[in-house]
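File shown: model.txt. Contents: compact mmCIF, C-alpha atoms.
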# COMPACT_ATOMS: atom_id res chain seq x y z
CA MET G 670 -17.39 -12.96 -10.95
CA THR G 671 -16.33 -16.30 -9.63
CA GLY G 672 -17.96 -15.96 -6.22
CA THR G 673 -21.27 -17.63 -5.44
CA THR G 674 -24.34 -15.43 -5.38
CA SER G 675 -28.04 -15.69 -6.03
CA HIS G 676 -28.22 -12.12 -7.34
CA ARG G 677 -28.02 -11.03 -10.94
CA PRO G 678 -24.36 -10.10 -11.67
CA LEU G 679 -23.65 -6.39 -11.62
CA SER G 680 -21.31 -4.64 -14.03
CA ALA G 681 -17.67 -4.97 -13.08
CA GLY G 682 -16.28 -2.46 -10.69
CA ARG G 683 -19.56 -1.07 -9.41
CA LEU G 684 -21.42 -1.13 -6.14
CA GLY G 685 -25.10 -1.85 -6.42
CA GLY G 686 -28.06 -1.25 -4.15
CA ARG G 687 -26.69 -1.19 -0.64
CA GLY G 688 -23.16 -1.99 -1.68
CA ARG G 689 -23.46 -5.74 -1.13
CA VAL G 690 -21.65 -7.18 -4.14
CA PRO G 691 -19.98 -10.51 -3.36
CA PHE G 692 -16.28 -11.04 -3.91
CA PRO G 693 -14.77 -13.90 -5.87
CA GLU G 694 -13.18 -16.59 -3.76
CA ARG G 695 -9.68 -15.26 -4.53
CA PRO G 696 -8.40 -11.85 -5.66
CA VAL G 697 -7.49 -11.84 -9.36
CA LEU G 698 -4.00 -10.66 -8.48
CA THR G 699 -3.17 -13.82 -6.54
CA ALA G 700 -5.37 -16.43 -8.25
CA PRO G 701 -3.54 -19.03 -10.37
CA PRO G 702 -4.21 -18.85 -14.13
CA ASN G 703 -6.84 -21.61 -14.40
CA PRO G 704 -9.56 -20.09 -12.14
CA GLN G 705 -9.27 -16.67 -13.81
CA ARG G 706 -12.05 -15.82 -16.19
CA SER G 707 -11.27 -15.65 -19.89
CA ARG G 708 -12.40 -12.00 -19.97
CA VAL G 709 -9.93 -11.08 -17.23
CA ALA G 710 -7.12 -12.91 -19.00
CA GLY G 711 -8.07 -11.27 -22.29
CA THR G 712 -8.06 -7.73 -20.95
CA ARG G 713 -4.71 -8.33 -19.29
CA ARG G 714 -3.27 -9.52 -22.61
CA LEU G 715 -4.50 -6.30 -24.22
CA ARG G 716 -2.72 -4.20 -21.62
CA LEU G 717 0.46 -6.24 -21.92
CA ALA G 718 0.37 -5.59 -25.66
CA ALA G 719 0.40 -1.86 -24.86
CA GLN G 720 3.49 -2.16 -22.67
CA PRO G 721 6.00 -0.65 -22.13
CA TRP G 722 4.32 2.57 -23.30
CA LEU G 723 1.41 2.14 -20.89
CA GLY G 724 3.85 1.83 -18.01
CA LEU G 725 5.99 4.74 -19.16
CA GLY G 726 2.93 6.97 -19.34
CA GLY G 727 1.95 5.90 -15.85
CA LEU G 728 5.48 6.54 -14.67
CA LEU G 729 5.15 10.13 -15.86
CA LEU G 730 1.92 10.71 -13.92
CA THR G 731 3.39 8.97 -10.88
CA ALA G 732 6.31 11.37 -11.02
CA VAL G 733 3.88 14.29 -10.93
CA VAL G 734 2.17 12.91 -7.80
CA PHE G 735 5.58 12.23 -6.29
CA VAL G 736 6.73 15.81 -6.80
CA VAL G 737 3.49 17.22 -5.38
CA LEU G 738 3.79 15.12 -2.22
CA ALA G 739 7.54 15.49 -1.82
CA LEU G 740 7.77 19.23 -2.52
CA GLY G 741 4.20 20.41 -2.11
CA THR G 742 4.97 22.41 1.02
CA GLY G 743 7.86 24.25 -0.61
CA SER G 744 10.76 21.97 0.34
CA ALA G 745 11.54 18.30 0.85
CA ALA G 746 12.34 18.91 4.53
CA THR G 747 8.96 20.44 5.41
CA GLY G 748 7.16 18.08 3.01
CA LEU G 749 8.44 15.11 4.96
CA LEU G 750 7.26 16.56 8.29
CA ILE G 751 3.76 17.48 7.07
CA LEU G 752 2.89 15.29 4.09
CA GLY G 753 4.96 12.28 5.17
CA PRO G 754 2.51 11.25 7.94
CA ILE G 755 -0.58 12.32 5.98
CA SER G 756 0.39 10.33 2.88
CA THR G 757 1.34 7.29 4.95
CA PHE G 758 -1.97 7.27 6.81
CA GLY G 759 -3.67 7.83 3.45
CA LEU G 760 -2.31 4.55 2.07
CA ALA G 761 -4.98 2.68 4.01
CA GLY G 762 -7.63 4.77 2.25
CA VAL G 763 -6.02 4.07 -1.11
CA ALA G 764 -6.10 0.35 -0.32
CA VAL G 765 -9.79 0.43 0.64
CA ILE G 766 -10.84 2.13 -2.59
CA ALA G 767 -8.52 0.14 -4.87
CA PHE G 768 -8.59 -3.29 -3.22
CA TRP G 769 -12.07 -3.40 -1.66
CA TRP G 770 -14.40 -0.84 -3.26
CA ASN G 771 -13.20 -1.31 -6.83
CA ASP G 772 -12.90 2.47 -7.37
CA TRP G 773 -16.25 3.36 -5.80
CA PRO G 774 -17.53 6.08 -5.52
CA GLY G 775 -15.60 7.36 -8.53
CA SER G 776 -16.68 4.33 -10.57
CA ARG G 777 -20.10 5.96 -10.96
CA LEU G 778 -18.51 8.63 -13.15
CA ALA G 779 -16.66 8.67 -16.45
CA ALA G 780 -12.88 9.11 -16.64
CA PRO G 781 -11.11 11.29 -15.62
CA TRP G 782 -13.64 12.09 -12.90
CA THR G 783 -13.29 8.57 -11.53
CA GLY G 784 -9.74 9.30 -10.43
CA VAL G 785 -10.47 12.88 -9.38
CA VAL G 786 -13.34 11.97 -7.03
CA ASP G 787 -11.51 9.01 -5.53
CA THR G 788 -8.30 11.01 -5.08
CA LEU G 789 -10.19 13.75 -3.22
CA LEU G 790 -11.76 11.08 -1.03
CA VAL G 791 -8.33 9.58 -0.35
CA ALA G 792 -7.02 13.02 0.64
CA ALA G 793 -9.91 13.53 3.06
CA ILE G 794 -9.43 10.06 4.55
CA ALA G 795 -5.69 10.70 4.90
CA VAL G 796 -6.23 13.90 6.91
CA VAL G 797 -8.89 12.32 9.15
CA LEU G 798 -6.73 9.26 9.85
CA THR G 799 -3.69 11.43 10.59
CA ILE G 800 -5.68 13.41 13.15
CA ALA G 801 -6.95 10.14 14.62
CA GLY G 802 -3.43 8.75 14.74
CA GLN G 803 -2.20 11.82 16.54
CA ALA G 804 -4.99 11.43 19.10
CA VAL G 805 -3.98 7.81 19.71
CA ILE G 806 -0.23 8.44 20.05
CA GLU G 807 -0.06 11.84 21.70
CA ARG G 808 -2.02 14.92 22.69
CA PRO G 809 -4.34 15.88 19.81
CA ASP G 810 -3.65 19.19 18.09
CA ILE G 811 -5.28 19.52 14.67
CA GLY G 812 -3.34 22.65 13.77
CA ALA G 813 -0.02 20.92 14.40
CA VAL G 814 -0.86 18.29 11.75
CA PHE G 815 -0.37 20.95 9.07
CA GLU G 816 2.74 22.62 10.51
CA ALA G 817 6.35 21.55 10.12
CA THR G 818 7.51 23.27 13.31
CA PRO G 819 4.44 23.91 15.47
CA GLY G 820 6.44 24.98 18.52
CA PRO G 821 8.36 23.44 21.42
CA ALA G 822 5.28 22.47 23.43
CA ALA G 823 3.13 21.29 20.53
CA PRO G 824 2.85 17.65 19.41
CA THR G 825 4.30 16.77 16.00
CA THR G 826 3.07 14.03 13.71
CA PHE G 827 6.55 13.26 12.38
CA PRO G 828 8.08 11.00 13.48
CA ALA G 829 5.70 10.31 16.37
CA THR G 830 2.81 8.84 14.36
CA MET G 831 4.74 7.14 11.54
CA ALA G 832 5.02 3.76 13.27
CA LEU G 833 1.26 3.62 13.81
CA ALA G 834 0.61 4.65 10.20
CA GLY G 835 2.93 1.91 8.97
CA ALA G 836 1.32 -0.66 11.25
CA THR G 837 -2.21 0.08 10.03
CA PHE G 838 -1.18 -0.09 6.36
CA THR G 839 0.75 -3.32 6.90
CA ALA G 840 -2.34 -4.81 8.52
CA MET G 841 -4.48 -3.57 5.64
CA LEU G 842 -2.26 -5.28 3.07
CA GLN G 843 -2.29 -8.46 5.12
CA LEU G 844 -6.08 -8.45 5.13
CA SER G 845 -6.38 -7.48 1.46
CA LEU G 846 -3.79 -9.72 -0.18
CA VAL G 847 -2.48 -12.37 2.20
CA CYS G 848 -5.86 -13.14 3.81
CA GLU G 849 -7.65 -12.74 0.46
CA ARG G 850 -10.22 -10.44 2.13
CA TRP G 851 -11.57 -13.43 4.08
CA PRO G 852 -13.86 -13.41 5.99
CA LEU G 853 -14.74 -9.72 5.60
CA GLY G 854 -15.54 -10.13 1.91
CA ARG G 855 -18.84 -11.73 2.89
CA LEU G 856 -20.09 -8.31 3.95
CA GLY G 857 -20.10 -7.00 0.37
CA ARG G 858 -17.73 -4.49 -1.16
CA PHE G 859 -18.66 -1.35 0.75
CA TRP G 860 -19.06 -2.70 4.28
CA SER G 861 -16.15 -5.08 3.92
CA GLY G 862 -13.92 -2.10 3.08
CA ILE G 863 -15.14 -0.22 6.15
CA ALA G 864 -14.63 -3.31 8.30
CA ALA G 865 -11.13 -3.82 6.87
CA LEU G 866 -10.19 -0.22 7.67
CA VAL G 867 -11.46 -0.53 11.26
CA LEU G 868 -9.81 -3.92 11.78
CA SER G 869 -6.49 -2.73 10.34
CA TRP G 870 -6.53 0.09 12.87
CA VAL G 871 -7.34 -2.25 15.72
CA ILE G 872 -4.47 -4.55 14.69
CA GLY G 873 -2.08 -1.69 14.00
CA ALA G 874 -2.78 0.15 17.24
CA GLY G 875 -2.65 -3.11 19.18
CA ALA G 876 0.75 -3.96 17.70
CA TYR G 877 2.02 -0.46 18.43
CA PHE G 878 1.01 -0.53 22.10
CA LEU G 879 2.28 -4.09 22.47
CA PHE G 880 5.75 -3.68 20.97
CA VAL G 881 6.82 0.00 20.97
CA ASN G 882 8.86 1.68 23.70
CA ILE G 883 9.68 5.40 23.64
CA SER G 884 11.27 5.67 27.08
CA TYR G 885 14.52 6.65 25.34
CA LEU G 886 13.00 10.05 24.51
CA PRO G 887 13.56 12.86 27.02
CA VAL G 888 10.83 13.02 29.65
CA ALA G 889 10.28 16.74 29.03
CA GLU G 890 9.69 16.09 25.32
CA ARG G 891 7.20 13.33 26.02
CA VAL G 892 5.29 15.38 28.57
CA ALA G 893 5.14 18.46 26.34
CA ALA G 894 3.74 16.52 23.38
CA GLY G 895 1.56 14.25 25.49
CA LEU G 896 3.31 11.18 24.08
CA ARG G 897 2.13 7.87 25.54
CA ASP G 898 4.83 5.29 26.21
CA PRO G 899 3.48 1.77 25.59
CA GLY G 900 6.51 0.29 27.38
CA GLY G 901 7.08 -2.46 24.80
CA PRO G 902 10.35 -4.21 23.90
CA ALA G 903 11.24 -2.30 20.69
CA THR G 904 12.09 1.28 19.86
CA ARG G 905 9.82 3.15 17.51
CA ALA G 906 12.43 2.99 14.75
CA ASP G 907 12.98 -0.77 15.14
CA PHE G 908 9.25 -1.42 15.08
CA GLY G 909 8.77 0.64 11.93
CA ALA G 910 11.69 -0.97 10.12
CA ALA G 911 10.46 -4.46 11.00
CA LEU G 912 7.03 -3.60 9.56
CA ILE G 913 8.59 -2.47 6.29
CA ALA G 914 10.54 -5.74 6.13
CA VAL G 915 7.22 -7.57 6.41
CA GLY G 916 5.89 -5.27 3.69
CA VAL G 917 8.69 -6.39 1.37
CA TRP G 918 7.41 -9.96 1.46
CA GLN G 919 3.81 -8.86 1.09
CA ALA G 920 4.83 -7.04 -2.07
CA VAL G 921 7.22 -9.66 -3.45
CA LEU G 922 5.02 -12.70 -2.86
CA PHE G 923 1.58 -11.25 -3.54
CA ILE G 924 2.25 -8.51 -6.11
CA ALA G 925 5.47 -9.37 -7.92
CA LEU G 926 4.92 -13.15 -7.89
CA ARG G 927 1.10 -12.86 -7.91
CA GLY G 928 0.70 -15.12 -4.89
CA TRP G 929 3.09 -17.88 -5.96
CA PRO G 930 3.79 -20.38 -4.47
CA ILE G 931 1.05 -19.96 -1.86
CA ASN G 932 -1.70 -19.77 -4.46
CA THR G 933 -0.99 -23.36 -5.52
CA ILE G 934 -2.54 -24.55 -2.23
CA THR G 935 -6.16 -25.30 -3.07
CA ARG G 936 -7.64 -25.49 0.44
CA ARG G 937 -8.24 -21.95 1.68
CA SER G 938 -7.60 -22.56 5.38
CA ARG G 939 -4.18 -24.03 4.64
CA ARG G 940 -3.45 -21.37 2.03
CA LEU G 941 -4.19 -18.49 4.39
CA LEU G 942 -2.27 -20.08 7.24
CA ALA G 943 0.75 -20.69 4.99
CA GLY G 944 0.60 -17.19 3.52
CA ASN G 945 0.44 -15.42 6.86
CA ALA G 946 3.15 -17.59 8.41
CA LEU G 947 5.43 -17.14 5.40
CA VAL G 948 5.04 -13.36 5.15
CA ILE G 949 5.43 -12.67 8.87
CA GLY G 950 8.19 -15.24 9.31
CA LEU G 951 10.21 -14.03 6.33
CA GLY G 952 9.71 -10.42 7.35
CA ALA G 953 10.91 -11.03 10.90
CA GLY G 954 13.79 -13.13 9.67
CA THR G 955 14.82 -10.54 7.10
CA TYR G 956 14.86 -7.79 9.70
CA ALA G 957 16.85 -9.93 12.14
CA VAL G 958 19.46 -10.83 9.53
CA ILE G 959 20.07 -7.36 8.14
CA HIS G 960 19.87 -5.69 11.55
CA ASP G 961 21.83 -8.14 13.70
CA ALA G 962 24.08 -9.88 11.19
CA ALA G 963 24.65 -7.04 8.71
CA GLY G 964 24.54 -4.36 11.39
CA LEU G 965 22.33 -1.96 9.45
CA SER G 966 20.48 0.74 11.34
CA PRO G 967 16.65 0.77 11.41
CA GLY G 968 16.67 3.88 9.23
CA THR G 969 18.79 2.23 6.55
CA ILE G 970 16.70 -0.95 6.71
CA GLY G 971 13.52 1.06 6.22
CA ALA G 972 15.00 2.98 3.30
CA VAL G 973 16.31 -0.13 1.51
CA CYS G 974 13.13 -2.14 2.08
CA GLY G 975 11.00 0.83 1.08
CA CYS G 976 12.82 1.04 -2.24
CA VAL G 977 12.27 -2.69 -2.80
CA ILE G 978 8.52 -2.24 -2.28
CA GLY G 979 8.50 0.80 -4.56
CA ALA G 980 10.36 -1.21 -7.19
CA VAL G 981 7.80 -4.02 -6.97
CA LEU G 982 5.01 -1.53 -7.65
CA VAL G 983 6.86 -0.14 -10.65
CA VAL G 984 7.73 -3.53 -12.16
CA ALA G 985 4.62 -5.53 -11.32
CA MET G 986 1.89 -2.88 -11.23
CA LEU G 987 2.89 -0.05 -13.58
CA PHE G 988 4.46 -2.39 -16.15
CA GLU G 989 2.50 -5.51 -15.13
CA GLY G 990 5.67 -7.58 -15.09
CA TRP G 991 6.51 -6.77 -18.72
CA PRO G 992 8.47 -8.34 -20.39
CA ALA G 993 8.65 -11.17 -17.84
CA SER G 994 4.89 -11.73 -18.18
CA LEU G 995 5.45 -12.85 -21.77
CA LEU G 996 7.75 -15.70 -20.76
CA ARG G 997 7.21 -19.13 -19.22
CA PRO G 998 6.13 -18.87 -15.56
CA ALA G 999 9.39 -19.98 -13.95
CA VAL G 1000 11.56 -17.82 -16.22
CA GLY G 1001 9.13 -14.92 -15.89
CA ARG G 1002 9.23 -15.03 -12.09
CA ALA G 1003 13.02 -15.04 -12.09
CA LEU G 1004 13.16 -12.09 -14.48
CA THR G 1005 10.56 -10.19 -12.42
CA LEU G 1006 12.69 -10.56 -9.30
CA ALA G 1007 15.82 -9.53 -11.20
CA LEU G 1008 14.11 -6.43 -12.63
CA THR G 1009 12.78 -5.56 -9.17
CA ALA G 1010 16.29 -5.75 -7.71
CA VAL G 1011 17.68 -3.49 -10.44
CA VAL G 1012 14.89 -0.92 -10.11
CA ALA G 1013 15.25 -0.95 -6.31
CA LEU G 1014 18.97 -0.25 -6.57
CA VAL G 1015 18.46 2.58 -9.05
CA LEU G 1016 15.64 4.04 -6.95
CA TYR G 1017 17.68 3.93 -3.76
CA ARG G 1018 20.74 5.51 -5.40
CA ALA G 1019 18.67 8.30 -6.96
CA LEU G 1020 16.75 9.14 -3.79
CA ALA G 1021 19.88 8.95 -1.63
CA ALA G 1022 21.77 11.28 -3.98
CA TYR G 1023 19.03 13.88 -3.58
CA ALA G 1024 18.47 13.35 0.16
CA ASP G 1025 22.15 13.77 1.00
CA GLY G 1026 22.03 17.34 -0.29
CA VAL G 1027 19.06 18.47 1.81
CA ARG G 1028 19.22 20.02 5.25
CA TRP G 1029 16.68 18.00 7.23
CA ILE G 1030 14.59 19.04 10.25
CA ARG G 1031 13.95 16.36 12.91
CA ALA G 1032 14.78 13.75 10.30
CA ALA G 1033 17.60 11.95 8.51
CA PRO G 1034 18.06 11.27 4.78
CA GLU G 1035 16.95 7.66 5.32
CA ASP G 1036 13.62 8.87 6.71
CA TRP G 1037 12.89 10.77 3.52
CA ILE G 1038 13.99 7.89 1.30
CA THR G 1039 11.57 5.59 3.13
CA SER G 1040 8.62 7.97 2.81
CA ALA G 1041 9.52 8.91 -0.76
CA SER G 1042 9.70 5.32 -2.00
CA LEU G 1043 6.71 4.01 -0.05
CA SER G 1044 4.21 6.80 0.59
CA PHE G 1045 4.94 9.31 -2.17
CA ALA G 1046 5.75 6.96 -5.06
CA GLY G 1047 3.56 4.10 -3.82
CA ALA G 1048 0.51 6.31 -3.47
CA GLY G 1049 1.06 7.71 -6.96
CA ILE G 1050 1.32 4.28 -8.56
CA ILE G 1051 -1.76 2.81 -6.87
CA LEU G 1052 -3.77 5.98 -7.52
CA HIS G 1053 -2.92 5.82 -11.21
CA VAL G 1054 -3.34 2.08 -11.78
CA GLY G 1055 -5.91 0.95 -9.22
CA ILE G 1056 -8.00 4.10 -8.91
CA GLY G 1057 -7.34 6.37 -11.91
CA LEU G 1058 -7.69 3.34 -14.22
CA ARG G 1059 -4.49 4.33 -16.06
CA TRP G 1060 -6.22 7.40 -17.50
CA PRO G 1061 -5.50 8.90 -20.03
CA PHE G 1062 -3.25 6.13 -21.38
CA ALA G 1063 -5.81 3.29 -21.28
CA ALA G 1064 -8.96 4.41 -23.05
CA THR G 1065 -10.77 1.13 -22.32
CA ALA G 1066 -9.93 1.03 -18.61
CA LYS G 1067 -13.47 1.98 -17.58
CA ARG G 1068 -14.81 -1.23 -19.07
CA ASP G 1069 -11.92 -3.32 -17.79
CA PRO G 1070 -12.67 -5.22 -14.55
CA VAL G 1071 -8.98 -5.75 -13.97
CA ALA G 1072 -7.75 -2.22 -14.57
CA SER G 1073 -10.27 -0.83 -12.13
CA GLY G 1074 -8.86 -2.60 -9.14
CA GLY G 1075 -9.00 -6.22 -10.22
CA GLN G 1076 -5.38 -5.94 -11.13
CA ALA G 1077 -4.87 -4.77 -7.62
CA GLY G 1078 -6.80 -7.71 -6.37
CA THR G 1079 -10.42 -6.63 -6.26
CA THR G 1080 -12.29 -8.28 -9.08

Could you write out this structure as structure tokens?
Amino acid sequence: MTGTTSHRPLSAGRLGGRGRVPFPERPVLTAPPNPQRSRVAGTRRLRLAAQPWLGLGGLLLTAVVFVVLALGTGSAATGLLILGPISTFGLAGVAVIAFWWNDWPGSRLAAPWTGVVDTLLVAAIAVVLTIAGQAVIERPDIGAVFEATPGPAAPTTFPATMALAGATFTAMLQLSLVCERWPLGRLGRFWSGIAALVLSWVIGAGAYFLFVNISYLPVAERVAAGLRDPGGPATRADFGAALIAVGVWQAVLFIALRGWPINTITRRSRRLLAGNALVIGLGAGTYAVIHDAAGLSPGTIGAVCGCVIGAVLVVAMLFEGWPASLLRPAVGRALTLALTAVVALVLYRALAAYADGVRWIRAAPEDWITSASLSFAGAGIILHVGIGLRWPFAATAKRDPVASGGQAGTT
């Protein structure tokens, strides 16, 4: 650990006593090379030596998770309506366990039970948060959460709750990566994760009720579902697409580029201010350019940006930037961005080819592409790398402080 503490250091990746284990000053994922401990650098070199096979194995398990989420209800159309919202709300739970709790409570067990316990906890959190999101946005109906077509007078979670789910996860990533867990990290791993989850919901719900307007929906539909119209300046689709554009820069700057160039700023106050301004400014600018100048619809923007984020996770998390990580920093960063662009294009083409052949219910192909690339694939990748510790492909992951979440920014 690089944080300051008067307590005896605990083993990496574990919560001790009452869960008050201090964080390092910066997440490993975004810290420049010099402050990183030699042990962290050494374990990362070992994993890079196992690439690309380590990444290919993870890609296989990610594909299994993807298929379960995308087709688990019997078809892609019903899967989007039921598991789309649940998996999107569940991303916040994934982030808490991977980025804040360092795999706890599964870290108390040996692999593969680490991943199994944490995955079950993520599933429970996802369902609870989906029900909570429904209660915030519309009339609560727990049964309707698990039905694709609950009836004409029943509320539906898709697409009604998707904007809120996206807002809470965007806020969670901002707190975890851009804000470097400051100042919540002072609470210790467990309570800081709880506080981050609560704060991300406060920010996400606040943004939703400040910006979203659903007056374009028929009055009868809104009354029947109990939908609340915040009366903001943006449609639900525009708000969601803008959030995903912000997510692109969160992923590119803080996962693909590992915090560069913001992490070169040594003073934390200036670093956090610059990071937040850059991510939000670039996200807003990106959305404005591709929406107003290029004339793309919010659905297309969400699908394209979602595939970019999914590509970042594949290139920078599954494969840890290999082979770019083996090159000089400037060349490596350029190659990482180039590989991300190629993977994003391939991912978009593949998902679009499948989506165009499906008969959708209350959705468009772009809606499925967005959920598939972000929630289905993204959840699978983070579950495998940050929570499942790359089991069974990395036998030493249990003893690796980076594999068990540090790589995702928690050690």

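In this model, the gap between atom CA of Ala792 of chain G and atom CA of Gly1049 of chain G comes to 12.3 Å.
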
Note to self: Restricting the calculation to all atoms listed in the file: of G:Thr1039, G:Ser994, G:Thr1009, G:Thr757, which residue gets closest to Ala1024 of chain G?
What the structure shows: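 Using all atoms listed in the file, the shortest distance to Ala1024 of chain G belongs to G:Thr1039.
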
Name all residues at most 12 Å from Thr742 of chain G (count all atoms listed in the file; drop same-chain ones fewer than 2 positions away) and give them as an mmCIF file with C-alpha atoms, in the coordinates of the input.
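File written: selection.cif
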data_model
loop_
_atom_site.group_PDB
_atom_site.id
_atom_site.type_symbol
_atom_site.label_atom_id
_atom_site.label_comp_id
_atom_site.auth_asym_id
_atom_site.auth_seq_id
_atom_site.Cartn_x
_atom_site.Cartn_y
_atom_site.Cartn_z
ATOM 1 C CA VAL G 736 6.730 15.810 -6.800
ATOM 2 C CA VAL G 737 3.490 17.220 -5.380
ATOM 3 C CA LEU G 738 3.790 15.120 -2.220
ATOM 4 C CA ALA G 739 7.540 15.490 -1.820
ATOM 5 C CA LEU G 740 7.770 19.230 -2.520
ATOM 6 C CA SER G 744 10.760 21.970 0.340
ATOM 7 C CA ALA G 745 11.540 18.300 0.850
ATOM 8 C CA ALA G 746 12.340 18.910 4.530
ATOM 9 C CA THR G 747 8.960 20.440 5.410
ATOM 10 C CA GLY G 748 7.160 18.080 3.010
ATOM 11 C CA LEU G 749 8.440 15.110 4.960
ATOM 12 C CA LEU G 750 7.260 16.560 8.290
ATOM 13 C CA ILE G 751 3.760 17.480 7.070
ATOM 14 C CA LEU G 752 2.890 15.290 4.090
ATOM 15 C CA GLY G 753 4.960 12.280 5.170
ATOM 16 C CA PHE G 815 -0.370 20.950 9.070
ATOM 17 C CA GLU G 816 2.740 22.620 10.510
ATOM 18 C CA ALA G 817 6.350 21.550 10.120
#

Check: Can you tell me, as a PyMOL selection string, what residues are no more than 9 Å from Phe838 of chain G when counting all atoms listed in the file, ignoring any on the same chain fewer than 5 positions away?
Finding: chain G and resi 757-761+764+833+843+869-870+873

Next item on the list: Write out as a PyMOL selection string which residues come within 9 Å of Leu844 of chain G when counting all atoms listed in the file, dropping same-chain ones fewer than 5 positions away.
Entry: chain G and resi 839+849-851+853+865+868-869
